[in-house]
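Engineer: Next comes data-v6.tsv, TSV, C-alpha atoms and all ligand atoms:
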chain	number	residue	atom	x	y	z
A	146	MET	CA	84.22	107.65	102.58
A	147	THR	CA	82.66	105.50	99.91
A	148	ILE	CA	82.53	101.71	100.11
A	149	ALA	CA	81.87	99.46	97.13
A	150	VAL	CA	80.22	96.15	97.92
A	151	ASP	CA	80.16	93.12	95.64
A	152	PHE	CA	76.79	91.36	95.32
A	153	ASP	CA	77.26	87.62	94.65
A	154	GLY	CA	79.00	85.92	97.53
A	155	VAL	CA	78.91	89.02	99.74
A	156	ILE	CA	75.24	90.12	99.86
A	157	HIS	CA	73.63	87.23	97.97
A	158	SER	CA	74.70	83.80	99.31
A	159	TYR	CA	75.28	82.45	95.77
A	160	ARG	CA	75.91	78.93	97.07
A	161	ARG	CA	75.44	77.28	93.68
A	162	GLY	CA	77.39	79.86	91.69
A	163	TRP	CA	76.01	81.33	88.50
A	164	GLN	CA	72.85	79.57	87.33
A	165	ASP	CA	70.50	81.12	84.77
A	166	GLY	CA	70.90	84.74	85.81
A	167	SER	CA	68.31	84.48	88.58
A	168	ILE	CA	69.05	85.64	92.11
A	169	TYR	CA	68.02	82.36	93.68
A	170	ASP	CA	69.64	82.32	97.13
A	171	GLN	CA	69.19	83.91	100.55
A	172	PRO	CA	71.09	86.96	101.76
A	173	MET	CA	74.44	86.20	103.36
A	174	PRO	CA	74.08	86.12	107.17
A	175	GLY	CA	74.39	89.68	108.46
A	176	ALA	CA	74.42	91.23	104.97
A	177	LEU	CA	71.34	93.46	105.20
A	178	ASP	CA	72.15	94.75	108.70
A	179	GLY	CA	75.77	95.08	107.65
A	180	LEU	CA	74.84	97.30	104.72
A	181	ARG	CA	72.63	99.44	106.98
A	182	GLN	CA	75.42	99.83	109.51
A	183	LEU	CA	77.91	100.78	106.82
A	184	MET	CA	75.50	103.36	105.44
A	185	GLU	CA	75.40	105.10	108.82
A	186	GLN	CA	79.07	105.92	108.37
A	187	ASP	CA	79.80	105.80	104.63
A	188	ALA	CA	78.23	106.17	101.23
A	189	VAL	CA	77.72	102.63	99.92
A	190	PHE	CA	77.22	101.33	96.43
A	191	VAL	CA	76.67	97.80	95.21
A	192	PHE	CA	78.98	97.02	92.32
A	193	THR	CA	77.75	94.06	90.26
A	194	SER	CA	77.96	92.67	86.75
A	195	ARG	CA	74.32	91.52	87.10
A	196	ASN	CA	71.22	93.30	85.84
A	197	THR	CA	71.18	96.28	88.18
A	198	GLN	CA	67.38	96.63	88.28
A	199	GLN	CA	67.04	92.96	89.28
A	200	VAL	CA	69.57	93.45	92.09
A	201	ALA	CA	67.83	96.65	93.21
A	202	ASP	CA	64.44	94.85	93.34
A	203	TRP	CA	65.94	91.96	95.33
A	204	LEU	CA	67.54	94.35	97.84
A	205	PHE	CA	64.36	96.38	98.20
A	206	GLU	CA	62.18	93.31	98.76
A	207	ARG	CA	64.46	91.99	101.49
A	208	GLY	CA	65.87	95.11	103.08
A	209	GLU	CA	63.57	97.98	102.10
A	210	PHE	CA	66.55	100.13	101.27
A	211	ASN	CA	66.21	103.46	99.53
A	212	ILE	CA	67.78	102.48	96.27
A	213	THR	CA	69.01	104.17	93.14
A	214	TRP	CA	69.96	101.81	90.36
A	215	GLU	CA	71.89	102.72	87.30
A	216	PRO	CA	70.82	101.16	83.98
A	217	PRO	CA	73.80	99.57	82.19
A	218	GLY	CA	75.52	102.06	79.93
A	219	GLU	CA	74.07	105.06	81.75
A	220	THR	CA	76.08	107.37	83.94
A	221	THR	CA	74.05	109.08	86.62
A	222	CYS	CA	77.02	110.14	88.74
A	223	GLU	CA	80.82	110.24	88.71
A	224	PHE	CA	81.09	109.73	92.46
A	225	TRP	CA	78.73	108.26	95.04
A	226	ASN	CA	78.55	110.30	98.25
A	227	ASP	CA	74.95	109.76	99.32
A	228	ARG	CA	74.57	107.96	102.66
A	229	ASP	CA	70.77	107.95	102.52
A	230	ARG	CA	70.49	105.84	99.43
A	231	LEU	CA	72.09	102.64	98.22
A	232	LEU	CA	73.31	102.81	94.63
A	233	VAL	CA	73.36	99.69	92.47
A	234	THR	CA	75.67	100.01	89.49
A	235	ASN	CA	77.80	97.92	87.19
A	236	ARG	CA	80.40	100.69	86.92
A	237	LYS	CA	83.51	100.66	89.06
A	238	LEU	CA	83.15	103.99	90.78
A	239	PRO	CA	85.86	105.47	93.01
A	240	ALA	CA	85.77	103.98	96.51
A	241	THR	CA	87.85	103.89	99.64
A	242	ALA	CA	87.47	100.11	99.83
A	243	TYR	CA	86.02	97.33	97.71
A	244	LEU	CA	84.42	94.52	99.69
A	245	ASP	CA	84.58	91.42	97.53
A	246	ASP	CA	84.73	87.67	98.15
A	247	ARG	CA	87.11	87.17	95.20
A	248	ALA	CA	89.48	90.03	95.91
A	249	VAL	CA	93.25	89.63	96.10
A	250	ARG	CA	94.85	92.51	97.92
A	251	PHE	CA	97.47	94.13	95.73
A	252	THR	CA	100.69	95.47	97.23
A	253	ASN	CA	103.19	94.67	94.43
A	254	TRP	CA	103.43	92.40	91.39
A	255	ASP	CA	105.75	89.82	92.97
A	256	GLN	CA	103.25	89.29	95.77
A	257	ALA	CA	100.32	89.32	93.32
A	258	LEU	CA	101.89	86.63	91.11
A	259	ALA	CA	102.79	84.55	94.15
A	260	ASP	CA	99.16	84.76	95.36
A	261	LEU	CA	97.61	84.07	91.98
A	262	MET	CA	100.11	81.52	90.60
A	263	PRO	CA	101.41	79.71	93.71
A	264	ASP	CA	102.32	76.44	91.94
A	265	GLN	CA	103.48	77.70	88.57
A	266	GLU	CA	105.09	81.07	88.18
A	267	THR	CA	106.80	81.45	91.53
A	268	SER	CA	108.02	77.89	92.01
A	269	GLY	CA	109.00	77.79	88.32
A	270	ARG	CA	111.12	80.87	88.82
A	271	ASP	CA	112.59	79.42	92.03
A	272	LEU	CA	113.49	76.25	90.13
A	273	GLU	CA	115.18	78.20	87.33
A	274	ASP	CA	117.17	80.20	89.90
A	275	ALA	CA	118.23	77.00	91.68
A	276	MET	CA	119.34	75.42	88.36
A	277	GLN	CA	121.34	78.52	87.50
A	278	ARG	CA	123.11	78.51	90.88
A	279	MET	CA	123.86	74.79	90.53
A	280	LYS	CA	125.34	75.30	87.00
A	281	GLU	CA	127.51	78.14	88.32
A	282	ARG	CA	128.79	76.06	91.27
A	283	THR	CA	129.52	73.08	88.97
A	284	LYS	CA	131.44	75.31	86.54
A	285	GLN	CA	133.49	76.79	89.40
A	286	ALA	CA	134.24	73.31	90.81
A	287	VAL	CA	135.35	72.01	87.39
A	288	GLN	CA	137.59	75.04	86.83
A	289	ALA	CA	139.14	74.65	90.31
A	290	GLU	CA	139.83	70.95	89.67
A	291	LEU	CA	141.42	71.74	86.27
A	292	ARG	CA	143.71	74.36	87.87
A	293	ARG	CA	144.69	71.87	90.58
A	294	LEU	CA	145.49	69.17	87.98
A	295	MET	CA	147.53	71.65	85.89
A	296	ARG	CA	149.54	72.79	88.93
A	297	LYS	CA	150.13	69.15	89.88
A	298	ALA	CA	151.17	68.34	86.31
A	299	SER	CA	153.60	71.27	86.23
A	300	ARG	CA	155.28	69.96	89.41
A	301	SER	CA	155.40	66.39	88.16
A	302	PRO	CA	158.87	64.71	87.93
A	303	SER	CA	158.02	63.56	84.42
A	304	ARG	CA	158.03	67.20	83.42
A	305	ILE	CA	161.70	67.69	84.40
A	306	PRO	CA	163.19	69.69	81.54
A	307	ARG	CA	166.07	68.15	79.59
A	401	MG	MG	81.45	87.91	94.38
Take the structure in the file and write it out as structure tokens.
Ligand SMILES: [Mg+2]
Structural biologist:
Amino acid sequence: MTIAVDFDGVIHSYRRGWQDGSIYDQPMPGALDGLRQLMEQDAVFVFTSRNTQQVADWLFERGEFNITWEPPGETTCEFWNDRDRLLVTNRKLPATAYLDDRAVRFTNWDQALADLMPDQETSGRDLEDAMQRMKERTKQAVQAELRRLMRKASRSPSRIPR
């Protein structure tokens, strides 16, 4: 299996968010040992939009990993299957799982929209549905009342034919 691992917020603590492009923070607790443990079982690559050489240097300085880094725009492999080396790339290579602090697990679009637009899209749609049901019930009630009044009128003594 191949596992893709996000860098900021998963390996790098990133507590102040994006600054000036520098990798300023400490590793996330357990990150370096976690990567080593994963690599015993799976091929692992770090998938980041950062400068890949900078990320590779940071990982080597802190974890002494065997690292291959892919310069942006270069393709050194189509798949990553090497468990002895950690690849750093900004390409989304095939993987069995993507470990990411910003991930939303996709199962279907209704669920995805509900997760990503909890206050707008879903409740907006619910509101529209509720309005539609209310209009339909009102229309039916008005029609029923009109039929009742017409039946009553047709039975009225004032309508006795001459
Ligand atoms: Mg992240």
Engineer: Pull the closest atom pair for each residue of chain A that gets at most 7 Å from ligand MG 401 (chain A), along with the distance in Å to one decimal, counting all atoms listed in the file, ordering rows by chain and then ascending residue number, as CSV.
Structural biologist:
residue,atom,partner,partner_atom,distance
A:Asp151,CA,A:MG401,MG,5.5
A:Phe152,CA,A:MG401,MG,5.9
A:Asp153,CA,A:MG401,MG,4.2
A:Gly154,CA,A:MG401,MG,4.5
A:Val155,CA,A:MG401,MG,6.0
A:Asp245,CA,A:MG401,MG,5.7
A:Asp246,CA,A:MG401,MG,5.0
A:Arg247,CA,A:MG401,MG,5.8
Engineer: If I take CA of Glu185 (chain A) and CA of Thr241 (chain A), how far is one from the other in Å, to one decimal?
Structural biologist: 15.5 Å
Engineer: In Å, with one decimal, what is the gap from CA of Gln186 (chain A) to CA of Gly218 (chain A)?
Structural biologist: 28.9 Å
Engineer: Leaving out Trp214 (chain A) and any residue of its chain fewer than 3 positions from it, which residues lie within 10 Å of it when counting all atoms listed in the file, given as a PyMOL selection string?
Structural biologist: chain A and resi 190-191+196-202+217+221+230-235
Engineer: List the neighbours of Asp178 (chain A) out to 12 Å using only C-alpha atoms; skip same-chain residues closer than 5 positions along the sequence, and give me the result as a ChimeraX atom specification.
Structural biologist: /A:156,172-173,183-185,204,207-210
